[in-house]
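Let me begin by presenting the structure, written as structure tokens, before commenting on it.
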Amino acid sequence: MDINKRTILWIVFAVASFVLWNNWQVSQGHPSMFAPPPAQTAKAPEAKKSDLPAAAVAGVAGAAAVPGAAEAAPFKAERITITTDVVRADIDTQGGTIKRLELLKYKENAHPGWFNGCFGLFKFCQPGDQSQNVVLFDVDAGTGKTYLARTGLIGAAGLPNHTSGFVAKPGPRMLNDGNQVQLVLESESGGVKLTKTFTFKRGDYVIDVRHDVTNTGTAPVSPQLYLQLAHDGNKPAGDSFFNSTYTGPTMYTDEKRYEKLKFDTVEKEAQEAAKTGKPMVQDHVTKADNGWIAISQHFFVSAFVPQTKLMHDITTEKIDTNLYGISVKQPLGSIAPGATVSNDAKLFSGPQEAKLLEPVSPGLELVRDYGWLAMIAKPMFAVINYIHSLLGNWGWTIIVFTVLIKLLFFPLSAAGYRSMAKVKLVTPKMQAIRERYKGDPAKMNQATMELYKQEKINPLGGCLPILVQMPVFISLYYVLQSAVEIRGAPWVGWITDLAQHDPYAILPVLYAISMFITTKLNPAPADPMQAKMMMFMPLAFSVMFFFFPSGLVLYWVVNNVLSIAQQYVISKKFGTPAAAKA
């Protein structure tokens, strides 16, 4: 048993050391030891490009030519800015594409990173620029960022699409005193006129996107409308090994509910299709008349909700090098000459607040990814949110919720601490047994179990309560990690953002001190090496907590302080022979 414990502790120590060394290497600009080597895109076979308009690749940077423009006068594109109380959107008349979308209520977080700065090795002290608003849709050649929402028609040559030139109708561009503002764009080619109408509303992150398709030719046409979200495959800014977040395509249908995809998977499927000459594998639902598609990231999401009760295809694809898309394609049926077909869709682009997501479309709140513990995490957040409505401060909310959790699990924790107090009481006898049978592990274990039986001690009594509580602890981690509500929320003094790490590492140090005290209150291992390892572990874990959101570390600090008080009282009560006998 002792050998197994010692082995486990050495493994934990080795893994912690390895992880810390890897993170330091990454911070110095070296590749991660956990990441695959960079893809050799120059030598890899080219995957089939998107089946959307061929000029789409050039259109990523806004430089596409209008189909047929070689014979016509060059189209002069312009960017039209629509401003409401919550968003500022730039829409390019070249394609009628949302090229930039800025959230006016959310500021960029500082990403100082921990290793590199002060003293030449650490960059605790480098402040970030938090004066800029969060930008979702954008194209930035300098950073390699490409994030676009685009729509158009396919199904015949020359139809208006996201590379065509659109003409904007006059109208207001700011919300001002009204409750909504609209932008109407028109483009006609291939015997079809496409009218896009974007409707922005006060206090709303939902953009209504209406497409009116008019057949201006002399023969029936059967176009398809596509809604596409395109995104680069880069890791988000500030992503680290200790605090990694997901960015990628997600979708929801009644058939398979919430599906979470990866850019890496799309890349592999595209390369496999290029090798075999077969169509890309679509490892998700491909047809539905409900649901939505989205690009999810930490705290924010952009989602197209197509017109319901109209069957559509869902595809993921590699558009270009390091550029991927998720699309909905809806057949509009046969449109007779002179007839018009309308299609209403929604585009949500904003924060992952449950109260904002739920009214938009069924299942959209699932982008707040709680993993397999959603059934615990969702009601847990509801309780936390209610407490916050009473207190108005997320830091104090976390503290009060921690107290409630401790009260809820008080009987379990008390049982575990009583068991540890009894074990601590018989530690001298256990050490004597180890000395007597140190050459015979079988007899040592037998004598130890007899001692447990004689003293009425359950050797797992201290572990079982912790195991029962672990799902709650993990759920709380997901809740605090996913809650955009705590993003930018201050607590007291130096903690100005509970979603970011502690800028002065005060909470991790307090955590280390609390863990040290907890270790002292627990029964000391008989093995000296094991005892040293147990003293070292609080330091190792507190270093890891340097990178965690301060709201999560605050929870653990408060939890440890309450546990120390509870353990101290129980140890005093059961930690003497007379008390244990009583």
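In the structure tokens, the first chain shown is A, the next is B, and so on; residue numbers restart at 1 for each chain, and ligands run from 1 in the order shown.
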Per residue of stretch 312-395 of chain A within 10 Å of stretch 281-286 of chain A, which atom pair is closest and at what distance in Å (one decimal), using only C-alpha atoms, listed by chain and increasing number, as a tab-separated table?
```
residue	atom	partner	partner_atom	distance
A:His312	CA	A:Thr286	CA	8.2
A:Asp313	CA	A:Thr286	CA	5.4
A:Ile314	CA	A:Thr286	CA	4.6
A:Thr315	CA	A:Thr286	CA	6.4
A:Thr316	CA	A:Gln282	CA	6.8
A:Glu317	CA	A:Gln282	CA	8.7
A:Val328	CA	A:Thr286	CA	9.2
```
For the residues in that selection, give me N, CA and C atoms as a compact mmCIF listing (two decimals), in the first residue's frame.
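Just written: result14.txt:
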```txt
# COMPACT_ATOMS: atom_id res chain seq x y z
N HIS A 312 -32.95 21.98 -44.73
CA HIS A 312 -31.69 22.56 -45.18
C HIS A 312 -30.56 21.56 -44.98
N ASP A 313 -29.48 21.78 -45.72
CA ASP A 313 -28.26 20.99 -45.57
C ASP A 313 -27.32 21.72 -44.64
N ILE A 314 -26.56 20.96 -43.84
CA ILE A 314 -25.55 21.52 -42.94
C ILE A 314 -24.20 20.95 -43.35
N THR A 315 -23.25 21.83 -43.61
CA THR A 315 -21.93 21.36 -44.04
C THR A 315 -20.84 22.08 -43.26
N THR A 316 -19.76 21.36 -43.00
CA THR A 316 -18.52 21.96 -42.53
C THR A 316 -17.49 21.77 -43.64
N GLU A 317 -16.60 22.71 -43.81
CA GLU A 317 -15.70 22.65 -44.95
C GLU A 317 -14.43 23.44 -44.69
N VAL A 328 -25.27 26.60 -43.68
CA VAL A 328 -26.61 26.09 -43.91
C VAL A 328 -26.98 26.45 -45.33
```
Taking only stretch 276-412 of chain A into account, list the residues labelled helix (DSSP H, G or I) by DSSP (computed from the backbone), as a ChimeraX atom specification.
/A:276,354-357,364-367,371-391,394-408,410-412
Which residues come within 6 Å of stretch 149-161 of chain A, counting only C-alpha atoms, excluding same-chain residues fewer than 2 positions away, as a ChimeraX atom specification?
/A:97-98,163-164,189-190,223-229
Selected residue, from A:Asn176, A:Thr84, A:Thr265, A:Asn215, that lies nearest to A:Gly191 when counting only C-alpha atoms
A:Asn215
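Take the candidates A:Asn445, A:Thr253, A:Gln330, A:Ser349 and check each one against A:Pro362 using only C-alpha atoms; the shortest distance goes to A:Thr253.
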If we count only C-alpha atoms and set the cut-off at 7 Å, which residues sit around A:Thr247, ignoring sequence neighbours fewer than 4 positions away in its own chain? Please answer as an MDAnalysis selection string.
chainID A and resid 296:298
Within 7 Å of A:Ser222, counting only C-alpha atoms, which residues qualify if same-chain residues fewer than 3 places away don't, as a JSON list (two decimals) with C-alpha atoms, in the first residue's frame?
```json
[["chain", "number", "residue", "atom", "x", "y", "z"],
["A", 155, "GLY", "CA", -27.61, 26.85, -57.74],
["A", 332, "LEU", "CA", -35.95, 28.10, -52.02],
["A", 333, "GLY", "CA", -37.98, 26.06, -54.49],
["A", 334, "SER", "CA", -38.88, 27.03, -58.04],
["A", 335, "ILE", "CA", -39.41, 30.77, -58.47]]
```
Write out as a VMD selection string which residues come within 10 Å of A:Glu255 when counting only C-alpha atoms, dropping same-chain ones fewer than 3 positions away.
chain A and resid 252 258 285 287 to 288 290 to 291
What does the file look like for those residues with N, CA and C atoms, as a PDB file, in the first residue's frame?
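To be explicit, this is the file written out as selection.pdb:
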```pdb
ATOM      1  N   TYR A 252     -26.799  22.621 -33.468  1.00  0.00           N
ATOM      2  CA  TYR A 252     -27.869  21.995 -32.700  1.00  0.00           C
ATOM      3  C   TYR A 252     -28.997  21.610 -33.653  1.00  0.00           C
ATOM      4  N   TYR A 258     -26.978  18.981 -29.171  1.00  0.00           N
ATOM      5  CA  TYR A 258     -25.801  19.842 -29.289  1.00  0.00           C
ATOM      6  C   TYR A 258     -24.598  19.042 -29.786  1.00  0.00           C
ATOM      7  N   VAL A 285     -24.844  15.826 -38.096  1.00  0.00           N
ATOM      8  CA  VAL A 285     -26.114  15.843 -38.811  1.00  0.00           C
ATOM      9  C   VAL A 285     -25.975  16.715 -40.052  1.00  0.00           C
ATOM     10  N   LYS A 287     -28.759  17.100 -42.438  1.00  0.00           N
ATOM     11  CA  LYS A 287     -30.046  17.609 -42.892  1.00  0.00           C
ATOM     12  C   LYS A 287     -30.958  17.831 -41.695  1.00  0.00           C
ATOM     13  N   ALA A 288     -31.689  18.941 -41.726  1.00  0.00           N
ATOM     14  CA  ALA A 288     -32.631  19.244 -40.653  1.00  0.00           C
ATOM     15  C   ALA A 288     -33.564  20.353 -41.116  1.00  0.00           C
ATOM     16  N   ASN A 290     -34.672  22.421 -38.558  1.00  0.00           N
ATOM     17  CA  ASN A 290     -34.685  23.123 -37.275  1.00  0.00           C
ATOM     18  C   ASN A 290     -33.243  23.335 -36.826  1.00  0.00           C
ATOM     19  N   GLY A 291     -33.082  24.002 -35.684  1.00  0.00           N
ATOM     20  CA  GLY A 291     -31.758  24.139 -35.081  1.00  0.00           C
ATOM     21  C   GLY A 291     -31.001  25.374 -35.530  1.00  0.00           C
TER      22      GLY A 291
END
```
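The shortest atom-to-atom distance to A:Phe299, with only C-alpha atoms taken into account, belongs to A:Ala483 out of A:Ala483, A:Met430, A:Leu407, A:Ile399.
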Near-A:Gly350 list (10 Å; only C-alpha atoms; drop same-chain fewer than 5 positions) as a list in words
Val86, Val87, Leu101, Glu102, Leu103, Lys105, Tyr106, Val134, Val135, Leu136, Asp204, Tyr205, Val206, Phe299, Phe300, Val301, Ser302, Ala303, Leu356 and Leu357 of chain A
Write to file, as an mmCIF file, in the first residue's frame, the residues of the selection just made, with C-alpha atoms.
```cif
data_model
loop_
_atom_site.group_PDB
_atom_site.id
_atom_site.type_symbol
_atom_site.label_atom_id
_atom_site.label_comp_id
_atom_site.auth_asym_id
_atom_site.auth_seq_id
_atom_site.Cartn_x
_atom_site.Cartn_y
_atom_site.Cartn_z
ATOM 1 C CA VAL A 86 -24.913 47.344 -27.831
ATOM 2 C CA VAL A 87 -23.149 46.729 -31.171
ATOM 3 C CA LEU A 101 -18.852 43.486 -35.339
ATOM 4 C CA GLU A 102 -17.893 45.263 -32.126
ATOM 5 C CA LEU A 103 -19.597 44.678 -28.759
ATOM 6 C CA LYS A 105 -20.674 46.694 -23.592
ATOM 7 C CA TYR A 106 -17.646 44.380 -23.345
ATOM 8 C CA VAL A 134 -14.490 43.077 -27.854
ATOM 9 C CA VAL A 135 -14.580 42.486 -31.606
ATOM 10 C CA LEU A 136 -16.129 39.299 -32.973
ATOM 11 C CA ASP A 204 -30.515 43.115 -28.696
ATOM 12 C CA TYR A 205 -27.623 41.031 -30.045
ATOM 13 C CA VAL A 206 -29.938 39.359 -32.568
ATOM 14 C CA PHE A 299 -17.766 33.770 -23.298
ATOM 15 C CA PHE A 300 -19.096 34.689 -26.792
ATOM 16 C CA VAL A 301 -20.880 33.055 -29.719
ATOM 17 C CA SER A 302 -22.110 33.876 -33.217
ATOM 18 C CA ALA A 303 -24.996 31.731 -34.459
ATOM 19 C CA LEU A 356 -30.065 36.285 -23.891
ATOM 20 C CA LEU A 357 -29.534 32.890 -25.535
#
```
As an exercise, work out the distance from atom CA of A:Gln567 to atom CA of A:Trp394 in Å and give it to one decimal place.
27.5 Å
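The coordinates place atom CA of A:Ser482 at 6.9 Å from atom CA of A:Asp369.
Those residues in stretch 220-278 of chain A carrying a DSSP assignment of strand (DSSP E), computed from the backbone, are Gln224, Leu225, Tyr226, Leu227, Gln228, Leu229, Ala230, His231, Asp232, Gly248, Pro249, Thr250, Met251, Tyr252, Thr253, Arg257, Tyr258, Glu259 and Lys260 of chain A.
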Since we have the selection now, will you write its residues out, keeping C-alpha atoms, as an mmCIF file, in the first residue's frame?
```
data_model
loop_
_atom_site.group_PDB
_atom_site.id
_atom_site.type_symbol
_atom_site.label_atom_id
_atom_site.label_comp_id
_atom_site.auth_asym_id
_atom_site.auth_seq_id
_atom_site.Cartn_x
_atom_site.Cartn_y
_atom_site.Cartn_z
ATOM 1 C CA GLN A 224 -30.400 27.868 -52.802
ATOM 2 C CA LEU A 225 -29.742 30.341 -50.010
ATOM 3 C CA TYR A 226 -26.602 29.799 -47.954
ATOM 4 C CA LEU A 227 -25.746 31.183 -44.510
ATOM 5 C CA GLN A 228 -22.090 30.725 -43.607
ATOM 6 C CA LEU A 229 -19.846 31.456 -40.651
ATOM 7 C CA ALA A 230 -16.150 31.440 -41.555
ATOM 8 C CA HIS A 231 -13.333 31.386 -38.992
ATOM 9 C CA ASP A 232 -9.579 30.870 -38.949
ATOM 10 C CA GLY A 248 -14.790 26.123 -33.036
ATOM 11 C CA PRO A 249 -17.972 25.177 -34.913
ATOM 12 C CA THR A 250 -21.003 24.026 -32.946
ATOM 13 C CA MET A 251 -24.525 23.123 -34.011
ATOM 14 C CA TYR A 252 -27.869 21.995 -32.700
ATOM 15 C CA THR A 253 -30.688 19.908 -34.187
ATOM 16 C CA ARG A 257 -29.044 17.941 -29.937
ATOM 17 C CA TYR A 258 -25.801 19.842 -29.289
ATOM 18 C CA GLU A 259 -22.742 18.905 -31.375
ATOM 19 C CA LYS A 260 -19.295 20.327 -30.814
#
```
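Using only C-alpha atoms, the smallest distance between any of A:Val569, A:Leu480, A:Val400, A:Ile564 and A:Thr518 comes from A:Ile564.
If only C-alpha atoms are the atoms counted, then among A:Ala565, A:Leu52, A:Val509, A:Leu148 the closest residue to A:Asp92 is A:Leu148.
With distances restricted to only C-alpha atoms, A:Glu485 is the closest residue to A:His388 from A:Glu272, A:Glu365, A:Glu485, A:Asp177.
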